[in-house]
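Trainee: Sending over my_file-v3.txt (compact mmCIF, C-alpha atoms).
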# COMPACT_ATOMS: atom_id res chain seq x y z
CA MET A 1 0.00 0.00 0.00
CA ARG A 2 2.80 2.38 0.88
CA ALA A 3 4.43 1.68 -2.49
CA TRP A 4 1.16 2.41 -4.33
CA ALA A 5 0.67 5.65 -2.36
CA ALA A 6 4.19 6.79 -3.15
CA LEU A 7 3.64 6.02 -6.85
CA LEU A 8 0.36 7.98 -6.88
CA VAL A 9 2.01 11.04 -5.31
CA ALA A 10 4.80 10.88 -7.88
CA VAL A 11 2.32 10.72 -10.77
CA LEU A 12 0.26 13.64 -9.47
CA THR A 13 3.40 15.71 -8.96
CA ALA A 14 4.54 15.03 -12.52
CA VAL A 15 1.14 16.02 -13.94
CA SER A 16 1.16 19.24 -11.90
CA VAL A 17 4.63 20.17 -13.12
CA ALA A 18 3.69 19.44 -16.75
CA CYS A 19 0.55 21.58 -16.55
CA SER A 20 2.53 24.39 -14.98
CA ALA A 21 5.08 24.23 -17.77
CA VAL A 22 2.38 24.37 -20.44
CA GLY A 23 0.82 27.36 -18.70
CA ASP A 24 4.17 29.12 -18.54
CA ARG A 25 4.76 28.56 -22.26
CA ARG A 26 1.29 29.94 -23.13
CA ALA A 27 1.91 33.00 -20.97
CA GLU A 28 5.27 33.55 -22.66
CA GLN A 29 3.65 33.26 -26.11
CA ALA A 30 0.92 35.71 -25.17
CA GLY A 31 3.49 38.16 -23.88
CA ALA A 32 5.52 37.86 -27.06
CA THR A 33 2.54 38.58 -29.33
CA GLY A 34 0.79 41.09 -27.10
CA ALA A 35 -2.36 38.97 -27.32
CA VAL A 36 -4.37 37.49 -24.52
CA SER A 37 -6.55 34.49 -25.28
CA THR A 38 -10.22 34.90 -24.44
CA ALA A 39 -11.12 31.28 -25.11
CA GLY A 40 -13.54 30.08 -22.51
CA ALA A 41 -14.29 33.64 -21.32
CA PRO A 42 -17.79 34.09 -19.93
CA PRO A 43 -20.35 35.20 -22.57
CA GLY A 44 -20.83 38.96 -22.64
CA ARG A 45 -17.59 39.69 -20.85
CA ALA A 46 -16.22 43.18 -21.61
CA THR A 47 -12.63 43.69 -22.72
CA VAL A 48 -10.45 46.74 -23.29
CA ALA A 49 -8.69 46.91 -26.66
CA ALA A 50 -4.91 46.78 -26.38
CA ALA A 51 -2.32 49.20 -27.73
CA GLY A 52 -1.89 48.98 -31.50
CA ASP A 53 -5.58 48.21 -31.99
CA PRO A 54 -7.58 50.97 -33.76
CA LEU A 55 -9.89 50.74 -30.74
CA ALA A 56 -7.05 50.90 -28.20
CA GLY A 57 -8.26 51.92 -24.75
CA ILE A 58 -11.94 51.46 -25.65
CA ARG A 59 -14.12 49.04 -23.72
CA ILE A 60 -15.62 46.44 -26.07
CA VAL A 61 -18.88 44.80 -25.00
CA ALA A 62 -20.58 41.79 -26.56
CA ALA A 63 -23.66 43.69 -27.67
CA ARG A 64 -25.51 46.94 -27.19
CA ALA A 65 -27.86 46.72 -24.22
CA LYS A 66 -30.51 49.22 -23.24
CA ALA A 67 -29.37 51.61 -20.53
CA PRO A 68 -31.06 51.33 -17.13
CA VAL A 69 -32.45 54.83 -17.70
CA ARG A 70 -34.75 55.56 -20.67
CA TYR A 71 -33.17 57.62 -23.45
CA ARG A 72 -34.13 61.29 -23.64
CA ARG A 73 -32.82 63.59 -26.37
CA ALA A 74 -33.39 66.50 -23.99
CA ALA A 75 -30.70 65.05 -21.70
CA PHE A 76 -28.15 66.19 -24.31
CA GLY A 77 -29.28 69.80 -24.05
CA GLU A 78 -31.20 72.02 -26.42
CA ALA A 79 -30.66 70.90 -30.00
CA TRP A 80 -27.71 72.73 -31.62
CA THR A 81 -27.25 75.07 -28.67
CA ASP A 82 -24.32 77.48 -28.79
CA ASP A 83 -24.09 77.18 -25.01
CA SER A 84 -21.74 74.20 -24.78
CA GLY A 85 -18.16 73.39 -23.88
CA ALA A 86 -17.45 72.01 -27.35
CA ALA A 87 -15.20 73.69 -29.89
CA LEU A 88 -17.09 76.56 -31.58
CA GLY A 89 -19.33 76.85 -28.52
CA HIS A 90 -20.20 80.38 -27.40
CA ASN A 91 -19.22 81.86 -30.76
CA GLY A 92 -22.60 83.52 -31.32
CA CYS A 93 -23.77 80.94 -33.87
CA ASP A 94 -25.72 77.73 -33.26
CA THR A 95 -24.05 74.38 -33.95
CA ARG A 96 -26.05 73.47 -37.06
CA ASN A 97 -25.04 76.69 -38.79
CA ASP A 98 -21.44 76.24 -37.68
CA ILE A 99 -21.28 72.83 -39.37
CA LEU A 100 -23.00 74.03 -42.53
CA ASP A 101 -20.43 76.80 -42.76
CA ARG A 102 -17.59 74.30 -42.22
CA ASP A 103 -18.75 71.60 -44.65
CA LEU A 104 -20.33 73.55 -47.53
CA THR A 105 -18.53 75.44 -50.30
CA ASP A 106 -19.57 78.21 -52.73
CA LYS A 107 -21.57 79.83 -49.94
CA THR A 108 -23.70 82.91 -49.61
CA TYR A 109 -24.82 84.19 -46.21
CA VAL A 110 -27.82 85.63 -44.44
CA HIS A 111 -28.52 86.91 -40.91
CA VAL A 112 -30.85 84.73 -38.81
CA HIS A 113 -31.81 84.95 -35.15
CA SER A 114 -29.47 82.10 -34.10
CA CYS A 115 -26.51 83.12 -36.25
CA PRO A 116 -25.48 86.51 -37.64
CA ARG A 117 -23.69 84.88 -40.55
CA ALA A 118 -25.64 81.77 -41.53
CA VAL A 119 -25.27 79.91 -44.81
CA ALA A 120 -28.06 80.89 -47.22
CA THR A 121 -26.94 78.78 -50.18
CA GLY A 122 -24.04 76.46 -50.79
CA THR A 123 -22.74 73.21 -52.23
CA LEU A 124 -22.20 69.96 -50.32
CA ILE A 125 -20.33 66.92 -51.56
CA ASP A 126 -22.24 64.49 -49.39
CA PRO A 127 -19.73 62.24 -47.60
CA TYR A 128 -22.27 59.46 -47.10
CA THR A 129 -23.25 59.09 -50.77
CA GLY A 130 -20.54 60.97 -52.65
CA GLN A 131 -23.19 62.98 -54.49
CA THR A 132 -23.12 66.75 -54.98
CA MET A 133 -26.00 68.61 -53.35
CA HIS A 134 -27.12 72.22 -53.57
CA PHE A 135 -28.30 73.72 -50.29
CA VAL A 136 -30.91 76.47 -50.23
CA ARG A 137 -32.11 77.79 -46.89
CA GLY A 138 -35.87 77.73 -46.51
CA PRO A 139 -38.76 76.00 -44.68
CA LYS A 140 -39.15 73.39 -47.45
CA THR A 141 -35.50 73.00 -48.48
CA SER A 142 -33.20 73.30 -45.45
CA ALA A 143 -33.89 69.74 -44.24
CA LYS A 144 -32.44 68.28 -47.43
CA VAL A 145 -29.06 68.79 -45.76
CA GLN A 146 -28.95 67.50 -42.19
CA ILE A 147 -26.27 67.35 -39.50
CA ASP A 148 -25.51 63.81 -38.37
CA HIS A 149 -23.90 62.61 -35.14
CA ILE A 150 -21.30 60.05 -36.25
CA VAL A 151 -21.67 58.42 -32.82
CA PRO A 152 -25.47 58.64 -32.50
CA LEU A 153 -26.76 60.14 -29.27
CA ALA A 154 -29.13 57.25 -28.53
CA TYR A 155 -26.28 54.78 -29.06
CA ALA A 156 -23.99 56.87 -26.85
CA TRP A 157 -26.70 56.88 -24.18
CA ASP A 158 -26.78 53.07 -24.06
CA MET A 159 -22.98 52.84 -24.13
CA GLY A 160 -22.43 55.00 -21.07
CA ALA A 161 -23.72 58.55 -21.61
CA TYR A 162 -26.81 57.90 -19.49
CA ALA A 163 -24.54 58.19 -16.42
CA TRP A 164 -22.86 61.48 -17.43
CA ASP A 165 -23.66 64.95 -16.23
CA ASP A 166 -25.62 67.32 -18.47
CA ALA A 167 -22.58 69.39 -19.44
CA LYS A 168 -20.70 66.37 -20.86
CA ARG A 169 -23.73 65.18 -22.80
CA THR A 170 -24.28 68.67 -24.25
CA ARG A 171 -20.63 68.83 -25.27
CA LEU A 172 -20.85 65.50 -27.11
CA ALA A 173 -24.04 66.55 -28.90
CA ASN A 174 -22.32 69.69 -30.22
CA ASP A 175 -18.76 68.49 -30.71
CA PRO A 176 -17.77 69.30 -34.33
CA ARG A 177 -15.61 66.17 -34.47
CA ASN A 178 -18.76 64.10 -34.03
CA LEU A 179 -20.78 66.04 -36.59
CA VAL A 180 -20.98 66.04 -40.37
CA ALA A 181 -23.35 67.63 -42.89
CA VAL A 182 -25.04 64.92 -44.97
CA ASP A 183 -28.02 64.36 -47.19
CA GLY A 184 -31.30 63.98 -45.30
CA PRO A 185 -32.36 60.51 -46.53
CA SER A 186 -29.01 58.96 -45.55
CA ASN A 187 -29.27 60.42 -42.06
CA ASP A 188 -32.84 59.17 -41.73
CA ASN A 189 -31.77 55.72 -42.90
CA LYS A 190 -28.91 55.51 -40.43
CA LYS A 191 -31.02 56.49 -37.40
CA ASP A 192 -29.05 55.50 -34.27
CA SER A 193 -27.08 52.67 -35.87
CA PRO A 194 -23.37 52.10 -35.14
CA PRO A 195 -20.90 50.75 -37.76
CA GLY A 196 -21.91 47.15 -37.05
CA ARG A 197 -25.39 47.89 -38.41
CA TRP A 198 -24.84 50.74 -40.88
CA MET A 199 -22.03 52.19 -42.96
CA PRO A 200 -22.11 54.98 -45.58
CA SER A 201 -22.70 53.80 -49.15
CA ASN A 202 -19.70 55.93 -50.18
CA GLU A 203 -16.79 53.59 -49.46
CA GLY A 204 -14.37 56.46 -49.95
CA PHE A 205 -15.57 57.90 -46.63
CA HIS A 206 -15.30 54.65 -44.65
CA CYS A 207 -11.80 55.31 -43.30
CA GLN A 208 -12.63 58.73 -41.94
CA TYR A 209 -15.99 57.52 -40.64
CA VAL A 210 -14.62 54.71 -38.48
CA GLU A 211 -11.65 56.80 -37.33
CA GLN A 212 -13.99 59.52 -36.08
CA PHE A 213 -16.32 56.96 -34.49
CA ALA A 214 -13.42 55.35 -32.62
CA GLY A 215 -11.86 58.68 -31.70
CA ILE A 216 -15.04 60.08 -30.18
CA SER A 217 -15.76 56.83 -28.34
CA ARG A 218 -12.25 56.83 -26.87
CA GLU A 219 -12.23 60.49 -25.82
CA TYR A 220 -15.62 60.35 -24.15
CA GLY A 221 -15.16 56.91 -22.57
CA LEU A 222 -17.96 55.22 -24.49
CA SER A 223 -18.13 51.46 -24.94
CA VAL A 224 -18.40 49.93 -28.42
CA ASP A 225 -20.31 46.77 -29.28
CA ALA A 226 -18.34 43.80 -30.62
CA GLY A 227 -20.06 43.81 -34.02
CA SER A 228 -19.09 47.44 -34.61
CA ALA A 229 -15.58 46.80 -33.31
CA ALA A 230 -15.15 44.07 -35.93
CA VAL A 231 -16.26 46.42 -38.73
CA ILE A 232 -13.97 49.21 -37.52
CA ARG A 233 -10.98 46.86 -37.37
CA GLN A 234 -11.73 45.47 -40.83
CA VAL A 235 -12.03 48.93 -42.38
CA GLU A 236 -8.90 50.16 -40.61
CA SER A 237 -6.92 47.17 -41.87
CA VAL A 238 -7.77 48.19 -45.44
CA CYS A 239 -7.08 51.88 -44.76
CA ARG A 240 -3.65 51.10 -43.37
CA GLY A 241 -2.85 48.85 -46.30
Could you write out this structure as structure tokens?
Mentor:
Amino acid sequence: MRAWAALLVAVLTAVSVACSAVGDRRAEQAGATGAVSTAGAPPGRATVAAAGDPLAGIRIVAARAKAPVRYRRAAFGEAWTDDSGAALGHNGCDTRNDILDRDLTDKTYVHVHSCPRAVATGTLIDPYTGQTMHFVRGPKTSAKVQIDHIVPLAYAWDMGAYAWDDAKRTRLANDPRNLVAVDGPSNDNKKDSPPGRWMPSNEGFHCQYVEQFAGISREYGLSVDAGSAAVIRQVESVCRG
């Protein structure tokens, strides 16, 4: 019996040492490649993208989940308010007119109550479709050119903005880096979809689109769903050649 017990202890010790060695080799391989295996990770577990990833520093979640607080557009402040901490804030012109002035060419101007130098007419090469559009200010024509949030506000709400203070939400809603003048139907079609569910039909704008989406998400500490992360990485791999 003592001989059998001694043999059993020896076998168990050998197995333990072998497993430890395999674990050490896997750890060394992961360290050498900068990758950490997620095999066997619990479903829905969040990760933070590593350095070198186009989403570096951004928390990646399995899927978009509804925030515990119901979305309210009003939580992001008055639409296109000039009273925000974003760039171009407090310049005497509302955000919509600021972006029209930035993105349109061949412009003429008119004075309106929210902006002393607002675009009256102009030309837009729509980044979402690649088509050339002519903007004419008026009750029946202005909406043909809309201002889109690259990271949609409702998406941002679910990915963390619901917990922010009002000032931060207002800044995001009016941040020029998150805004682009586009054709109305494309904006309506996109709604609050992230890259995993919608991308511009103009492939020539894909690189800039995902870079801005990732950049805003990183700066504001927003999470990104795994489906969108996959699209962003795929597009970035093509952009980088």
Trainee: Using all atoms listed in the file, which residues sit within 6 Å of segment 154-169 of chain A once same-chain residues fewer than 4 positions away are excluded, as a list in words?
Mentor: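 In the requested format, the answer is Lys66, Ala67, Phe76, Asp192, Leu222 and Ser223 of chain A.
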Trainee: Name the closest residue to Val180 of chain A among the candidates A:Ile99, A:Ile216, A:Ala230, A:Val136; distances are taken between atoms, counting all atoms listed in the file.
Mentor: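 Looking only at the distances to Val180 of chain A, the closest residue turns out to be A:Ile99.
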Trainee: Residues near Gln208 of chain A, anyone? I mean within 12 Å using all atoms listed in the file, not counting same-chain ones fewer than 4 positions away, as a ChimeraX atom specification.
Mentor: /A:127-128,150,177-178,180,199-200,202-204,212-215,232,235-236,239-240
Trainee: Pick from A:Gly130, A:Gly241, A:Pro54, A:Gly92: nearest to Arg218 of chain A, with only C-alpha atoms counted?
Mentor: A:Pro54
Trainee: Measure the distance from atom CA of Gln146 of chain A to atom CA of Ala181 of chain A in Å and round it to one decimal.
Mentor: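 Atom CA of Gln146 of chain A sits 5.6 Å away from atom CA of Ala181 of chain A.
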Trainee: Tell me which of A:Ala229, A:Leu104, A:Val224, A:Leu88 sits closest to Arg64 of chain A, counting only C-alpha atoms.
Mentor: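 Looking only at the distances to Arg64 of chain A, the closest residue turns out to be A:Val224.
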Trainee: Any idea what the distance is between atom CA of Ser217 of chain A and atom CA of Thr129 of chain A?
Mentor: 23.8 Å
Trainee: Could you work out how far atom CA of Glu219 of chain A lies from atom CA of Glu78 of chain A, giving the answer in Å with one decimal?
Mentor: 22.2 Å
Trainee: Val110 of chain A: which residues within 10 Å, counting all atoms listed in the file, same-chain residues fewer than 2 positions away excluded, as a CSV table (one decimal) with C-alpha atoms, in the frame of the given file?
Mentor:
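In the end it all went to out_14.csv:
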chain,number,residue,atom,x,y,z
A,108,THR,CA,-23.7,82.9,-49.6
A,112,VAL,CA,-30.8,84.7,-38.8
A,115,CYS,CA,-26.5,83.1,-36.2
A,116,PRO,CA,-25.5,86.5,-37.6
A,117,ARG,CA,-23.7,84.9,-40.6
A,118,ALA,CA,-25.6,81.8,-41.5
A,119,VAL,CA,-25.3,79.9,-44.8
A,120,ALA,CA,-28.1,80.9,-47.2
A,121,THR,CA,-26.9,78.8,-50.2
A,137,ARG,CA,-32.1,77.8,-46.9
Trainee: For the point (-23.7, 52.0, -38.5) in the file's frame, write as a list in words all residues with an atom no more than 9 Å away, counting only C-alpha atoms.
Mentor: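 Looking at atoms near the point gives Ile150, Val151, Lys190, Lys191, Asp192, Ser193, Pro194, Pro195, Gly196, Arg197, Trp198, Met199, Pro200 and Ser228 of chain A.
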Trainee: Could you give me, as a VMD selection string, the residues within 9 Å of Gly85 of chain A, counting only C-alpha atoms and dropping anything in the same chain fewer than 4 positions from it?
Mentor: chain A and resid 89 to 90 167 to 168 170 to 172 174 to 175
Trainee: Dump C-alpha atoms for the selected residues as a PDB file, in the frame of the given file?
Mentor:
ATOM      1  CA  GLY A  89     -19.330  76.850 -28.520  1.00  0.00           C
ATOM      2  CA  HIS A  90     -20.200  80.380 -27.400  1.00  0.00           C
ATOM      3  CA  ALA A 167     -22.580  69.390 -19.440  1.00  0.00           C
ATOM      4  CA  LYS A 168     -20.700  66.370 -20.860  1.00  0.00           C
ATOM      5  CA  THR A 170     -24.280  68.670 -24.250  1.00  0.00           C
ATOM      6  CA  ARG A 171     -20.630  68.830 -25.270  1.00  0.00           C
ATOM      7  CA  LEU A 172     -20.850  65.500 -27.110  1.00  0.00           C
ATOM      8  CA  ASN A 174     -22.320  69.690 -30.220  1.00  0.00           C
ATOM      9  CA  ASP A 175     -18.760  68.490 -30.710  1.00  0.00           C
TER      10      ASP A 175
END
Trainee: Restricting the calculation to all atoms listed in the file, which member of A:Ala46, A:Ile147, A:Val182, A:Leu100 is positioned closest to Ala62 of chain A?
Mentor: A:Ala46
Trainee: Select, from A:Arg233, A:Lys107, A:Arg96, A:His206, the residue with the minimum atom-to-atom distance to Ala143 of chain A, counting all atoms listed in the file.
Mentor: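 Among the listed residues, the smallest separation from Ala143 of chain A belongs to A:Arg96.
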Trainee: Starting from the incomplete input, reconstruct N, CA, C and O atoms of segment 58-74 of chain A and write that as a CSV table (one decimal), in the coordinates of the input.
Mentor:
chain,number,residue,atom,x,y,z
A,58,ILE,N,-10.5,51.4,-25.6
A,58,ILE,CA,-11.9,51.5,-25.6
A,58,ILE,C,-12.5,50.1,-25.1
A,58,ILE,O,-12.0,49.1,-25.5
A,59,ARG,N,-13.5,50.2,-24.3
A,59,ARG,CA,-14.1,49.0,-23.7
A,59,ARG,C,-15.0,48.4,-24.8
A,59,ARG,O,-15.9,49.1,-25.3
A,60,ILE,N,-14.8,47.2,-25.1
A,60,ILE,CA,-15.6,46.4,-26.1
A,60,ILE,C,-16.6,45.5,-25.3
A,60,ILE,O,-16.2,44.7,-24.5
A,61,VAL,N,-17.9,45.6,-25.6
A,61,VAL,CA,-18.9,44.8,-25.0
A,61,VAL,C,-19.5,43.9,-26.1
A,61,VAL,O,-19.5,44.2,-27.3
A,62,ALA,N,-20.1,42.8,-25.6
A,62,ALA,CA,-20.6,41.8,-26.6
A,62,ALA,C,-21.7,42.4,-27.5
A,62,ALA,O,-21.7,42.1,-28.7
A,63,ALA,N,-22.6,43.1,-26.9
A,63,ALA,CA,-23.7,43.7,-27.7
A,63,ALA,C,-24.2,44.9,-27.0
A,63,ALA,O,-24.0,45.1,-25.8
A,64,ARG,N,-24.9,45.8,-27.8
A,64,ARG,CA,-25.5,46.9,-27.2
A,64,ARG,C,-26.7,46.5,-26.3
A,64,ARG,O,-27.5,45.7,-26.7
A,65,ALA,N,-26.7,47.0,-25.1
A,65,ALA,CA,-27.9,46.7,-24.2
A,65,ALA,C,-28.5,48.0,-23.8
A,65,ALA,O,-27.8,49.1,-23.7
A,66,LYS,N,-29.8,48.0,-23.6
A,66,LYS,CA,-30.5,49.2,-23.2
A,66,LYS,C,-30.0,49.7,-21.9
A,66,LYS,O,-29.8,48.9,-21.0
A,67,ALA,N,-29.8,51.0,-21.8
A,67,ALA,CA,-29.4,51.6,-20.5
A,67,ALA,C,-30.5,51.4,-19.5
A,67,ALA,O,-31.6,51.3,-19.8
A,68,PRO,N,-30.1,51.5,-18.2
A,68,PRO,CA,-31.1,51.3,-17.1
A,68,PRO,C,-32.0,52.5,-17.0
A,68,PRO,O,-33.0,52.5,-16.3
A,69,VAL,N,-31.6,53.6,-17.7
A,69,VAL,CA,-32.4,54.8,-17.7
A,69,VAL,C,-32.9,55.1,-19.1
A,69,VAL,O,-32.1,55.0,-20.1
A,70,ARG,N,-34.2,55.4,-19.3
A,70,ARG,CA,-34.8,55.6,-20.7
A,70,ARG,C,-34.1,56.8,-21.4
A,70,ARG,O,-33.9,57.8,-20.8
A,71,TYR,N,-33.8,56.6,-22.7
A,71,TYR,CA,-33.2,57.6,-23.4
A,71,TYR,C,-34.1,58.8,-23.6
A,71,TYR,O,-35.2,58.7,-23.9
A,72,ARG,N,-33.4,60.0,-23.4
A,72,ARG,CA,-34.1,61.3,-23.6
A,72,ARG,C,-33.2,62.2,-24.4
A,72,ARG,O,-32.1,62.5,-24.0
A,73,ARG,N,-33.6,62.7,-25.6
A,73,ARG,CA,-32.8,63.6,-26.4
A,73,ARG,C,-32.6,64.9,-25.6
A,73,ARG,O,-31.5,65.5,-25.7
A,74,ALA,N,-33.5,65.3,-24.8
A,74,ALA,CA,-33.4,66.5,-24.0
A,74,ALA,C,-32.2,66.4,-23.0
A,74,ALA,O,-31.7,67.5,-22.5
